[in-house]
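*Asks:* Next up, start-v4.cif (mmCIF, C-alpha atoms and all ligand atoms).
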```cif
data_entry
#
loop_
_atom_site.label_atom_id
_atom_site.label_comp_id
_atom_site.auth_asym_id
_atom_site.auth_seq_id
_atom_site.Cartn_x
_atom_site.Cartn_y
_atom_site.Cartn_z
CA MET T 1 224.38 274.89 71.67
CA ASN T 2 225.00 277.23 68.79
CA GLU T 3 223.31 280.52 69.74
CA THR T 4 221.66 281.29 66.44
CA LEU T 5 220.32 277.78 66.30
CA ALA T 6 219.11 277.97 69.91
CA ALA T 7 217.24 281.19 69.15
CA ASP T 8 215.80 279.58 66.07
CA LEU T 9 214.62 276.58 68.06
CA HIS T 10 213.12 278.66 70.88
CA PRO T 11 212.07 282.04 69.50
CA GLN T 12 210.17 284.13 71.98
CA GLY T 13 206.48 283.45 72.05
CA SER T 14 206.86 280.33 70.00
CA SER T 15 207.00 276.69 70.90
CA ARG T 16 208.30 273.46 69.44
CA PHE T 17 204.66 272.46 68.99
CA VAL T 18 203.83 275.46 66.78
CA ARG T 19 207.15 275.12 64.98
CA ALA T 20 206.41 271.50 64.14
CA CYS T 21 202.97 272.50 62.83
CA LEU T 22 204.80 274.81 60.41
CA ARG T 23 207.41 272.12 59.54
CA ARG T 24 210.24 274.10 61.08
CA PRO T 25 213.17 272.38 62.84
CA VAL T 26 212.69 271.41 66.48
CA ASP T 27 215.01 270.13 69.22
CA ARG T 28 212.74 267.12 69.72
CA THR T 29 209.35 265.89 68.57
CA PRO T 30 206.54 267.74 70.37
CA VAL T 31 203.90 265.56 72.02
CA TRP T 32 200.33 266.00 73.29
CA LEU T 33 197.48 263.51 73.44
CA LEU T 34 193.89 263.47 72.20
CA ARG T 35 191.50 263.55 75.20
CA GLN T 36 194.40 264.22 77.53
CA ALA T 37 191.92 265.70 80.01
CA GLY T 38 189.27 263.06 80.46
CA ARG T 39 187.71 260.32 82.50
CA TYR T 40 190.88 258.19 82.77
CA MET T 41 192.37 260.89 84.99
CA PRO T 42 191.48 260.92 88.72
CA GLU T 43 191.93 264.71 88.90
CA TYR T 44 189.27 265.12 86.18
CA MET T 45 186.90 262.67 87.85
CA ALA T 46 187.25 264.61 91.11
CA VAL T 47 186.03 267.76 89.31
CA ARG T 48 183.32 265.77 87.48
CA LYS T 49 181.92 264.59 90.82
CA HIS T 50 180.73 268.12 91.48
CA HIS T 51 180.05 269.44 87.97
CA SER T 52 178.43 268.17 84.77
CA LEU T 53 180.46 268.06 81.57
CA LEU T 54 178.63 271.12 80.24
CA ASP T 55 179.10 273.03 83.51
CA ILE T 56 182.83 272.44 83.26
CA CYS T 57 182.89 273.61 79.64
CA ARG T 58 180.85 276.74 80.42
CA THR T 59 182.73 277.83 83.54
CA PRO T 60 186.04 279.35 82.40
CA HIS T 61 188.01 278.89 85.62
CA ILE T 62 187.02 275.21 85.88
CA ALA T 63 187.64 274.49 82.18
CA ALA T 64 191.02 276.22 82.51
CA GLU T 65 191.89 274.26 85.63
CA VAL T 66 191.06 270.92 83.99
CA THR T 67 193.10 271.88 80.90
CA ILE T 68 196.12 272.99 82.94
CA THR T 69 196.08 270.04 85.35
CA ALA T 70 196.15 267.49 82.52
CA ALA T 71 198.93 269.25 80.61
CA GLU T 72 201.11 269.61 83.72
CA ARG T 73 200.50 266.10 85.03
CA LEU T 74 201.52 264.57 81.70
CA GLY T 75 204.36 266.96 80.82
CA VAL T 76 203.07 267.46 77.27
CA ASP T 77 204.05 270.28 74.89
CA ALA T 78 200.53 271.56 74.18
CA ALA T 79 197.28 272.01 76.08
CA ILE T 80 193.96 271.55 74.27
CA ILE T 81 191.26 273.69 75.78
CA PHE T 82 188.65 271.71 77.66
CA ALA T 83 185.42 272.10 75.68
CA ASP T 84 183.23 269.90 73.51
CA LEU T 85 182.52 269.62 69.82
CA LEU T 86 178.80 270.19 70.26
CA LEU T 87 178.87 273.47 72.22
CA PRO T 88 178.00 275.57 69.10
CA PHE T 89 174.65 273.75 68.85
CA THR T 90 173.19 275.77 71.73
CA PRO T 91 173.55 279.24 70.17
CA MET T 92 172.30 277.74 66.89
CA GLY T 93 169.07 276.86 68.70
CA LEU T 94 169.55 273.08 68.91
CA ASP T 95 169.17 271.53 72.36
CA PHE T 96 171.27 268.56 73.37
CA GLU T 97 172.51 266.84 76.48
CA PHE T 98 175.15 264.30 77.45
CA VAL T 99 173.52 261.11 78.68
CA ASN T 100 175.81 258.99 80.85
CA GLY T 101 177.09 255.98 78.97
CA GLU T 102 175.36 257.03 75.76
CA GLY T 103 177.16 260.19 74.72
CA PRO T 104 175.45 263.23 73.21
CA VAL T 105 171.72 263.24 72.47
CA VAL T 106 170.06 265.93 70.31
CA HIS T 107 166.39 266.10 71.23
CA HIS T 108 164.97 267.27 67.90
CA PRO T 109 167.33 266.08 65.17
CA ILE T 110 167.48 268.07 61.95
CA ARG T 111 165.72 266.30 59.07
CA THR T 112 164.12 269.02 56.91
CA LEU T 113 165.00 272.21 55.06
CA GLU T 114 162.67 274.16 57.37
CA GLN T 115 164.65 272.99 60.39
CA VAL T 116 167.93 273.98 58.72
CA GLU T 117 166.49 277.39 57.88
CA ALA T 118 165.48 277.88 61.52
CA LEU T 119 169.06 277.38 62.81
CA ARG T 120 170.54 280.64 64.08
CA THR T 121 173.97 281.95 63.13
CA ASP T 122 173.87 285.31 64.89
CA ARG T 123 174.60 284.22 68.43
CA ALA T 124 178.17 282.84 68.24
CA ASP T 125 179.11 285.45 70.88
CA GLU T 126 177.42 283.23 73.45
CA LEU T 127 180.35 280.81 73.09
CA ILE T 128 182.75 283.40 74.52
CA TYR T 129 183.18 281.33 77.71
CA VAL T 130 185.60 279.09 75.77
CA ALA T 131 187.72 282.12 74.84
CA ARG T 132 187.69 283.22 78.50
CA ALA T 133 189.01 279.79 79.51
CA ILE T 134 191.74 280.04 76.86
CA GLU T 135 192.80 283.41 78.28
CA LYS T 136 193.22 281.83 81.69
CA VAL T 137 195.24 278.93 80.31
CA GLY T 138 197.40 281.38 78.35
CA ALA T 139 198.07 283.48 81.44
CA HIS T 140 199.07 280.37 83.37
CA PHE T 141 201.48 279.14 80.69
CA ALA T 142 202.83 282.55 79.63
CA ALA T 143 206.34 281.95 80.95
CA PRO T 144 208.69 279.53 79.19
CA ARG T 145 209.12 276.18 80.96
CA ALA T 146 212.35 274.85 82.47
CA ASP T 147 213.54 273.66 79.03
CA GLY T 148 212.99 277.13 77.51
CA ASP T 149 209.96 276.10 75.50
CA THR T 150 206.53 277.71 75.70
CA LEU T 151 203.54 275.40 75.94
CA GLY T 152 201.27 275.53 72.86
CA ILE T 153 197.59 276.28 73.39
CA ILE T 154 195.15 274.50 71.10
CA GLY T 155 191.64 275.73 70.42
CA PHE T 156 189.27 273.50 68.49
CA CYS T 157 185.99 273.07 66.69
CA GLY T 158 184.19 270.38 64.74
CA ALA T 159 184.24 270.05 60.97
CA PRO T 160 180.97 270.70 59.14
CA PHE T 161 180.38 267.03 58.22
CA THR T 162 180.91 265.65 61.72
CA LEU T 163 178.78 268.35 63.35
CA ALA T 164 176.05 267.99 60.71
CA SER T 165 175.99 264.24 61.36
CA TYR T 166 175.36 264.80 65.09
CA MET T 167 172.62 267.32 64.28
CA ILE T 168 170.92 264.97 61.83
CA GLU T 169 171.38 261.59 63.54
CA GLY T 170 170.67 263.05 66.98
CA GLY T 171 173.75 261.35 68.44
CA SER T 172 176.38 258.83 67.53
CA SER T 173 175.58 256.64 64.54
CA ARG T 174 176.68 253.43 62.90
CA ASN T 175 175.61 253.92 59.27
CA TYR T 176 174.81 257.64 58.99
CA VAL T 177 171.67 256.85 57.00
CA GLU T 178 169.79 260.06 57.82
CA THR T 179 172.90 262.20 57.26
CA LYS T 180 173.57 260.66 53.87
CA LYS T 181 169.88 260.89 52.90
CA LEU T 182 169.96 264.66 53.48
CA MET T 183 173.34 264.87 51.73
CA TYR T 184 172.19 262.96 48.62
CA ALA T 185 168.77 264.66 48.45
CA GLY T 186 170.28 267.38 46.29
CA ASP T 187 168.15 270.22 47.63
CA LYS T 188 169.26 273.28 49.54
CA ALA T 189 169.19 271.65 52.98
CA TRP T 190 172.67 270.07 53.00
CA PRO T 191 174.69 272.99 51.55
CA LEU T 192 172.76 275.47 53.70
CA LEU T 193 173.43 273.41 56.84
CA LEU T 194 177.19 273.32 56.13
CA GLU T 195 177.22 277.03 55.33
CA LYS T 196 175.44 277.89 58.58
CA LEU T 197 177.77 275.68 60.59
CA ASN T 198 180.80 277.30 58.96
CA SER T 199 179.59 280.78 59.73
CA VAL T 200 179.29 279.96 63.46
CA LEU T 201 182.53 277.93 63.51
CA VAL T 202 184.62 280.71 61.95
CA ALA T 203 183.33 283.23 64.51
CA TYR T 204 183.95 280.72 67.31
CA ALA T 205 187.50 279.97 66.11
CA ALA T 206 188.19 283.70 65.81
CA GLN T 207 187.19 284.19 69.45
CA GLN T 208 189.58 281.41 70.45
CA VAL T 209 192.48 282.81 68.41
CA GLU T 210 191.92 286.30 69.77
CA ALA T 211 192.00 284.83 73.28
CA GLY T 212 195.41 283.27 72.64
CA ALA T 213 194.95 279.90 70.91
CA ASP T 214 198.20 279.23 68.99
CA VAL T 215 196.68 276.57 66.74
CA ILE T 216 193.14 275.43 65.90
CA GLN T 217 192.39 271.74 65.51
CA ILE T 218 189.35 270.81 63.42
CA PHE T 219 187.85 267.46 64.42
CA ASP T 220 186.21 265.57 61.58
CA SER T 221 185.90 262.49 63.72
CA TRP T 222 183.37 260.70 61.53
CA ALA T 223 184.64 261.68 58.05
CA GLY T 224 185.78 258.05 57.70
CA ALA T 225 182.12 257.13 57.17
CA LEU T 226 182.36 258.72 53.69
CA SER T 227 183.66 257.28 50.42
CA VAL T 228 186.28 259.41 48.70
CA SER T 229 183.70 260.49 46.08
CA ASP T 230 181.14 261.51 48.71
CA TYR T 231 183.75 263.36 50.72
CA ARG T 232 184.85 265.19 47.58
CA ASP T 233 181.33 265.91 46.30
CA TYR T 234 179.57 266.83 49.54
CA CYS T 235 182.14 267.93 52.14
CA LEU T 236 185.44 269.04 50.66
CA ASP T 237 184.36 272.55 49.61
CA ALA T 238 182.81 273.43 52.96
CA THR T 239 185.72 271.95 54.90
CA THR T 240 188.24 273.77 52.71
CA GLU T 241 186.42 277.01 53.30
CA LEU T 242 186.53 276.48 57.07
CA VAL T 243 190.25 275.60 57.00
CA GLN T 244 191.10 278.61 54.84
CA ARG T 245 189.07 281.06 56.90
CA ILE T 246 190.69 279.85 60.11
CA LYS T 247 194.18 279.98 58.56
CA ALA T 248 193.41 283.57 57.58
CA LEU T 249 193.12 284.32 61.30
CA GLY T 250 196.89 283.77 61.41
CA VAL T 251 197.18 280.34 63.04
CA PRO T 252 198.12 276.89 61.76
CA VAL T 253 195.24 274.43 61.35
CA ILE T 254 195.34 270.73 62.29
CA TYR T 255 192.67 268.67 60.53
CA PHE T 256 191.93 265.29 62.12
CA GLY T 257 189.59 262.42 61.31
CA VAL T 258 189.28 258.72 62.11
CA ASP T 259 189.35 255.83 59.65
CA THR T 260 190.68 258.16 56.99
CA ALA T 261 193.38 256.12 55.20
CA SER T 262 191.63 256.42 51.82
CA LEU T 263 190.66 260.06 52.38
CA LEU T 264 194.08 261.47 53.32
CA PRO T 265 195.09 262.93 49.92
CA THR T 266 191.70 264.63 49.64
CA MET T 267 191.81 265.89 53.24
CA ARG T 268 195.16 267.42 52.32
CA ASP T 269 193.39 269.36 49.55
CA THR T 270 191.71 271.48 52.25
CA GLY T 271 195.08 273.21 52.72
CA ALA T 272 195.37 272.31 56.41
CA ASP T 273 198.90 272.76 57.78
CA VAL T 274 198.78 269.47 59.67
CA ILE T 275 196.80 266.30 59.02
CA GLY T 276 195.98 264.16 62.06
CA LEU T 277 196.46 260.46 61.30
CA ASP T 278 194.37 257.79 62.96
CA TRP T 279 196.11 254.70 64.33
CA ARG T 280 195.19 252.28 61.58
CA ILE T 281 197.70 253.48 59.00
CA PRO T 282 201.51 253.24 59.39
CA LEU T 283 202.74 256.79 59.94
CA ASP T 284 205.11 256.83 56.94
CA GLU T 285 202.35 255.60 54.63
CA GLY T 286 199.99 258.27 55.95
CA TRP T 287 202.65 260.93 55.47
CA ARG T 288 203.30 259.74 51.92
CA ALA T 289 199.55 259.98 51.23
CA VAL T 290 199.33 263.61 52.38
CA GLY T 291 202.59 264.53 50.68
CA PRO T 292 205.78 266.20 51.85
CA GLY T 293 204.42 269.76 52.02
CA CYS T 294 202.25 268.98 55.01
CA ALA T 295 202.92 268.15 58.67
CA VAL T 296 201.37 265.11 60.34
CA GLN T 297 200.15 264.38 63.85
CA GLY T 298 199.83 260.93 65.35
CA ASN T 299 199.37 258.09 65.61
CA LEU T 300 199.66 255.57 68.44
CA ASP T 301 196.64 253.31 68.98
CA PRO T 302 195.18 254.60 72.28
CA ILE T 303 194.53 251.02 73.39
CA THR T 304 198.29 250.36 73.32
CA LEU T 305 198.23 252.35 76.58
CA PHE T 306 196.88 249.18 78.21
CA ALA T 307 199.92 247.13 77.04
CA PRO T 308 202.98 246.19 79.12
CA GLU T 309 205.79 248.76 79.20
CA ASP T 310 208.03 246.97 76.69
CA VAL T 311 205.26 246.80 74.07
CA LEU T 312 204.35 250.43 74.67
CA GLU T 313 207.98 251.51 74.36
CA ALA T 314 208.42 249.51 71.14
CA ARG T 315 205.30 251.07 69.59
CA VAL T 316 206.38 254.62 70.45
CA LYS T 317 209.85 253.94 69.00
CA GLU T 318 208.29 252.46 65.88
CA ILE T 319 206.28 255.62 65.22
CA LEU T 320 209.33 257.82 65.82
CA THR T 321 211.36 255.63 63.46
CA LEU T 322 208.71 255.94 60.76
CA ALA T 323 208.75 259.73 61.25
CA ALA T 324 212.56 259.63 60.99
CA ASN T 325 213.06 263.04 62.66
CA ARG T 326 211.61 264.77 59.62
CA ASP T 327 210.41 268.31 60.34
CA GLY T 328 206.66 268.43 60.81
CA HIS T 329 205.81 265.50 63.06
CA ILE T 330 203.75 266.01 66.20
CA PHE T 331 203.47 262.88 68.30
CA ASN T 332 199.94 262.01 69.40
CA LEU T 333 197.52 259.13 69.63
CA GLY T 334 195.48 258.03 66.64
CA HIS T 335 192.27 258.77 68.62
CA GLY T 336 191.34 259.78 72.16
CA ILE T 337 192.43 258.18 75.45
CA VAL T 338 189.62 255.94 76.71
CA PRO T 339 188.31 255.65 80.30
CA GLY T 340 190.24 253.13 82.38
CA THR T 341 193.61 253.88 80.76
CA PRO T 342 196.45 253.73 83.33
CA VAL T 343 197.73 257.27 83.89
CA ASP T 344 201.28 256.00 84.43
CA ASN T 345 201.35 254.57 80.93
CA VAL T 346 200.16 257.88 79.47
CA ILE T 347 203.04 259.64 81.24
CA ARG T 348 205.40 256.90 80.03
CA VAL T 349 204.50 257.62 76.40
CA VAL T 350 205.29 261.30 76.85
CA ASP T 351 208.63 260.41 78.46
CA TYR T 352 209.52 257.92 75.70
CA VAL T 353 208.85 260.54 73.03
CA LYS T 354 211.11 263.01 74.82
CA LYS T 355 213.83 260.40 75.30
CA TYR T 356 213.86 258.91 71.81
CA SER T 357 213.24 261.95 69.62
CA THR T 358 215.92 264.39 70.79
CA ARG T 359 217.77 265.69 67.73
CA ASN T 360 221.38 265.28 68.86
CA VAL T 361 222.83 266.30 65.54
CA GLU T 362 220.95 269.52 64.94
CA VAL T 363 221.21 271.07 68.39
CA LYS T 364 224.94 270.56 68.97
CA ALA T 365 227.16 273.53 68.23
O1 LIG T 401 191.53 266.83 76.56
C1 LIG T 401 190.54 266.74 75.79
O2 LIG T 401 190.66 266.34 74.62
C2 LIG T 401 189.20 267.08 76.34
C3 LIG T 401 188.41 268.08 75.59
C4 LIG T 401 187.41 267.46 74.63
C5 LIG T 401 186.14 266.91 74.99
N1 LIG T 401 185.48 266.61 73.83
C6 LIG T 401 185.59 266.77 76.36
C7 LIG T 401 184.71 265.60 76.60
C8 LIG T 401 187.51 267.40 73.24
C9 LIG T 401 188.70 267.80 72.36
C10 LIG T 401 186.27 266.86 72.76
C11 LIG T 401 185.97 266.73 71.33
C12 LIG T 401 184.86 265.86 70.92
N2 LIG T 401 183.62 265.79 71.46
C13 LIG T 401 184.89 265.02 69.80
C14 LIG T 401 186.03 264.90 68.83
C15 LIG T 401 187.10 264.04 69.37
C16 LIG T 401 186.93 262.60 69.03
O3 LIG T 401 186.89 261.82 69.98
O4 LIG T 401 186.92 262.28 67.84
C17 LIG T 401 183.65 264.39 69.71
C18 LIG T 401 183.24 263.37 68.68
C19 LIG T 401 182.84 264.90 70.75
C20 LIG T 401 181.42 264.57 71.07
C21 LIG T 401 181.37 263.82 72.33
N3 LIG T 401 181.59 264.39 73.57
C22 LIG T 401 181.10 262.44 72.51
C23 LIG T 401 180.84 261.45 71.40
C24 LIG T 401 181.15 262.21 73.90
C25 LIG T 401 180.87 260.92 74.62
C26 LIG T 401 182.11 260.10 74.56
C27 LIG T 401 182.16 259.08 75.64
O5 LIG T 401 183.22 258.43 75.67
O6 LIG T 401 181.23 258.95 76.46
C28 LIG T 401 181.49 263.41 74.54
C29 LIG T 401 181.67 263.61 76.00
C30 LIG T 401 182.98 264.19 76.44
N4 LIG T 401 183.54 265.32 75.93
C31 LIG T 401 183.82 263.69 77.49
C32 LIG T 401 184.91 264.58 77.60
C33 LIG T 401 186.04 264.52 78.58
C34 LIG T 401 183.58 262.46 78.34
C35 LIG T 401 182.33 262.52 79.13
C36 LIG T 401 182.34 263.13 80.50
O7 LIG T 401 183.31 263.69 81.06
O8 LIG T 401 181.26 263.02 81.08
#
```
Turn the structure described in the file into structure tokens.

*Replies:*
Amino acid sequence: MNETLAADLHPQGSSRFVRACLRRPVDRTPVWLLRQAGRYMPEYMAVRKHHSLLDICRTPHIAAEVTITAAERLGVDAAIIFADLLLPFTPMGLDFEFVNGEGPVVHHPIRTLEQVEALRTDRADELIYVARAIEKVGAHFAAPRADGDTLGIIGFCGAPFTLASYMIEGGSSRNYVETKKLMYAGDKAWPLLLEKLNSVLVAYAAQQVEAGADVIQIFDSWAGALSVSDYRDYCLDATTELVQRIKALGVPVIYFGVDTASLLPTMRDTGADVIGLDWRIPLDEGWRAVGPGCAVQGNLDPITLFAPEDVLEARVKEILTLAANRDGHIFNLGHGIVPGTPVDNVIRVVDYVKKYSTRNVEVKA
């Protein structure tokens, strides 16, 4: 390998994952997977037997262990810190719990301006346990791996729309009626809610970056519930502000949502470095929609992980072909791994990406 090129591909303290986020050349496509630490994995279930989801999130050495185990078992290029989107609700004064089989439940959903006004923004420090877990993951992965690359560490938070929707609906929703009612009402409640969320999220992201997160991913999981006009009129400004304030911390930002085919060009307007594509859109079409000046992450259908090996291999190759070794592709799923997914198939995907995306031309002297 040409030495200058080798140094360029593996600069100290960098990783092919971070490089791809910045659309720099890489020796092969980096890969990690949404929900890579989760209920499909026996090692996670063994920890879950003794601890609740929130206990795991709030205990740095356990959160770090779960994060590290998943990344090492799969052989991925980045580790996403084990946490949950809704953790910031607690210091904002909103109680919630995870009910088995039902997902998150907020006991007193936000419906009025008075309730929005009562939300606190001065206690983001209480979320510091996530930063402590990131420090432990960073210490574990400090040394370069056998291939010379350093594992990327991903911190994350929710986007204002998706978090507001959980606060307002009280849990998952089909039609987002209460959220949209508050959004359309035209009074101070909606903008104030997004502003308060942003203020906590920026502080929370800053803690994560200071602790060693290389990249922050913003999950706008339910943005696909919005028309382009509603996204533009009610969410774009707040989301752009969040993206820009996190970028100003000095890290690349990945912005991900589901069911977003029609929203992609507008999501790109936030200025995120990377747009996460869901699995419904062909990768090249999604990339065209966000434009060439932006990296993309995705986008295998997570349910393909239940398919026979030949189908799985063909789908991975298809995505790599659509990406065509262009700088700025991070391989991922188009949404999270679901419970019951065979672990061997998850590992297979990672291995296929490594095998079929190596850039023979660029790395040879
Ligand atoms: O490796 C990882 O990705 C794990 C870390 C992680 C969790 N939640 C842990 C978790 C991440 C990145 C999240 C983000 C998150 N949380 C999102 C955005 C991602 C997405 O899927 O779009 C959302 C919407 C949430 C809110 C949330 N948390 C829901 C809706 C649920 C229930 C989902 C279900 O399938 O039951 C959770 C629970 C949750 N968070 C689990 C995990 C591993 C599973 C429940 C458990 O372990 O008891």

*Asks:* Measuring between all atoms listed in the file, which one of T:Asp351, T:Glu195, T:Asp147, T:Glu65 shows the shortest distance to ligand LIG 401 (chain T)?

*Replies:*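 So, comparing all the options, the nearest one is T:Glu65.
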
*Asks:* Distance atom CA of Leu87 of chain T-atom CA of Lys136 of chain T, one decimal place?

*Replies:*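 Going from atom CA of Leu87 of chain T over to atom CA of Lys136 of chain T covers 19.1 Å.
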
*Asks:* In the coordinate frame of the file, compute which residues have an atom within 8 Å of (198.1, 262.4, 51.2) when using only C-alpha atoms, and state them as a ChimeraX atom specification.

*Replies:* /T:263-268,286-291

*Asks:* Just want the residues within 6 Å of ligand LIG 401 (chain T), written as a PyMOL selection string, counting only C-alpha atoms and all ligand atoms.

*Replies:* chain T and resi 34-39+53+80+82-85+101+103-104+219+221+336

*Asks:* If we count all atoms listed in the file, what is near Trp190 of chain T at a cut-off of 9 Å, once residues fewer than 3 positions away on the same chain are taken out, given as a PyMOL selection string?

*Replies:* chain T and resi 113+116+164+179+182-187+193-195+234

*Asks:* Which is closest to Tyr352 of chain T among T:Arg120, T:Trp222, T:Ala295, T:Pro30, if we use all atoms listed in the file?

*Replies:*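 Result for the nearest residue to Tyr352 of chain T: T:Pro30.
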
*Asks:* Rounded to one decimal in Å, what is the spacing between atom CA of Arg315 of chain T and atom CA of Thr69 of chain T?

*Replies:*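 That distance, rounded to one decimal, is 26.3 Å.
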
*Asks:* For Ile275 of chain T, which residue out of T:Cys157, T:Leu320, T:Leu22, T:Leu94 is the nearest one, using only C-alpha atoms?

*Replies:*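 So, comparing all the options, the nearest one is T:Leu22.
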
*Asks:* With all atoms listed in the file as the atoms that count, which of T:Gly271, T:Phe17, T:Gln217, T:Val202 lies nearest to Leu249 of chain T?

*Replies:* T:Val202

*Asks:* Give me, as a ChimeraX atom specification, all polymer residues having an atom no more than 10 Å from Leu300 of chain T, counting all atoms listed in the file and skipping those fewer than 4 positions away in the same chain.

*Replies:* /T:33,277-283,304-305,312,315-316,318-319,331-335,349

*Asks:* Looking at T:Glu117, T:Asp273, T:Asp344, T:Asp310, which one is nearest to Arg24 of chain T, with distances taken over all atoms listed in the file?

*Replies:*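 Residue with the minimum atom-to-atom distance to Arg24 of chain T: T:Asp273.
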
*Asks:* Might you pull out every residue within 7 Å of Cys235 of chain T, with all atoms listed in the file counted and same-chain residues fewer than 4 positions away left off, and present them as a PyMOL selection string?

*Replies:* chain T and resi 161+231+239

*Asks:* With only C-alpha atoms as the basis for distance, which of T:Arg348, T:Lys196, T:Arg58, T:Lys247 is at the shortest distance from Ala118 of chain T?

*Replies:*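 For Ala118 of chain T, the nearest of the given residues is T:Lys196.
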
*Asks:* Just need the box for segment 104-107 of chain T, edges along x, y and z, holding every atom the file lists for it with 5 Å tacked onto each side, so centre and edge lengths in Å to one decimal, as lines of an AutoDock Vina configuration file.

*Replies:*
```
center_x = 170.9
center_y = 264.7
center_z = 71.8
size_x = 19.1
size_y = 12.9
size_z = 12.9
```

*Asks:* Segment 298-328 of chain T near segment 255-259 of chain T within 12 Å: what's each residue's closest atom pair and its distance in Å to one decimal, counting all atoms listed in the file, ordered by chain then ascending residue number, as a Markdown table?

*Replies:*
```
| residue | atom | partner | partner_atom | distance |
| --- | --- | --- | --- | --- |
| T:Gly298 | CA | T:Phe256 | CA | 9.6 |
| T:Asn299 | CA | T:Val258 | CA | 10.7 |
| T:Asp301 | CA | T:Val258 | CA | 11.4 |
```

*Asks:* One decimal, in Å: what's the spacing between atom CA of Ala63 of chain T and atom CA of Leu127 of chain T?

*Replies:*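 Taking atom CA of Ala63 of chain T and atom CA of Leu127 of chain T, their separation equals 13.3 Å.
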
*Asks:* Need the shell around Ala143 of chain T: protein/DNA/RNA residues with any atom at most 12 Å away, counting only C-alpha atoms. Skip same-chain ones fewer than 3 positions apart. Format as a list in words?

*Replies:* Gln12, Gly13, Ser14, Ser15, Val137, Gly138, Ala139, His140, Ala146, Asp147, Gly148, Asp149, Thr150, Leu151 and Gly152 of chain T

*Asks:* Please return segment 225-237 of chain T, rebuilt to N, CA and C atoms, as a compact mmCIF listing (two decimals), keeping the file's coordinate frame.

*Replies:*
```
# COMPACT_ATOMS: atom_id res chain seq x y z
N ALA T 225 183.36 257.79 57.60
CA ALA T 225 182.12 257.13 57.17
C ALA T 225 181.84 257.40 55.69
N LEU T 226 182.62 258.30 55.08
CA LEU T 226 182.36 258.72 53.69
C LEU T 226 183.30 258.04 52.71
N SER T 227 182.79 257.71 51.52
CA SER T 227 183.66 257.28 50.42
C SER T 227 184.43 258.51 49.95
N VAL T 228 185.50 258.27 49.21
CA VAL T 228 186.28 259.41 48.70
C VAL T 228 185.39 260.30 47.82
N SER T 229 184.56 259.69 46.97
CA SER T 229 183.70 260.49 46.08
C SER T 229 182.72 261.34 46.88
N ASP T 230 182.10 260.74 47.92
CA ASP T 230 181.14 261.51 48.71
C ASP T 230 181.82 262.63 49.49
N TYR T 231 183.01 262.31 50.02
CA TYR T 231 183.75 263.36 50.72
C TYR T 231 184.03 264.51 49.76
N ARG T 232 184.50 264.16 48.57
CA ARG T 232 184.85 265.19 47.58
C ARG T 232 183.62 265.97 47.12
N ASP T 233 182.51 265.25 46.87
CA ASP T 233 181.33 265.91 46.30
C ASP T 233 180.52 266.70 47.33
N TYR T 234 180.50 266.24 48.59
CA TYR T 234 179.57 266.83 49.54
C TYR T 234 180.22 267.56 50.72
N CYS T 235 181.53 267.36 50.93
CA CYS T 235 182.14 267.93 52.14
C CYS T 235 183.40 268.75 51.88
N LEU T 236 184.12 268.42 50.83
CA LEU T 236 185.44 269.04 50.66
C LEU T 236 185.36 270.57 50.57
N ASP T 237 184.42 271.09 49.79
CA ASP T 237 184.36 272.55 49.61
C ASP T 237 184.11 273.27 50.94
```
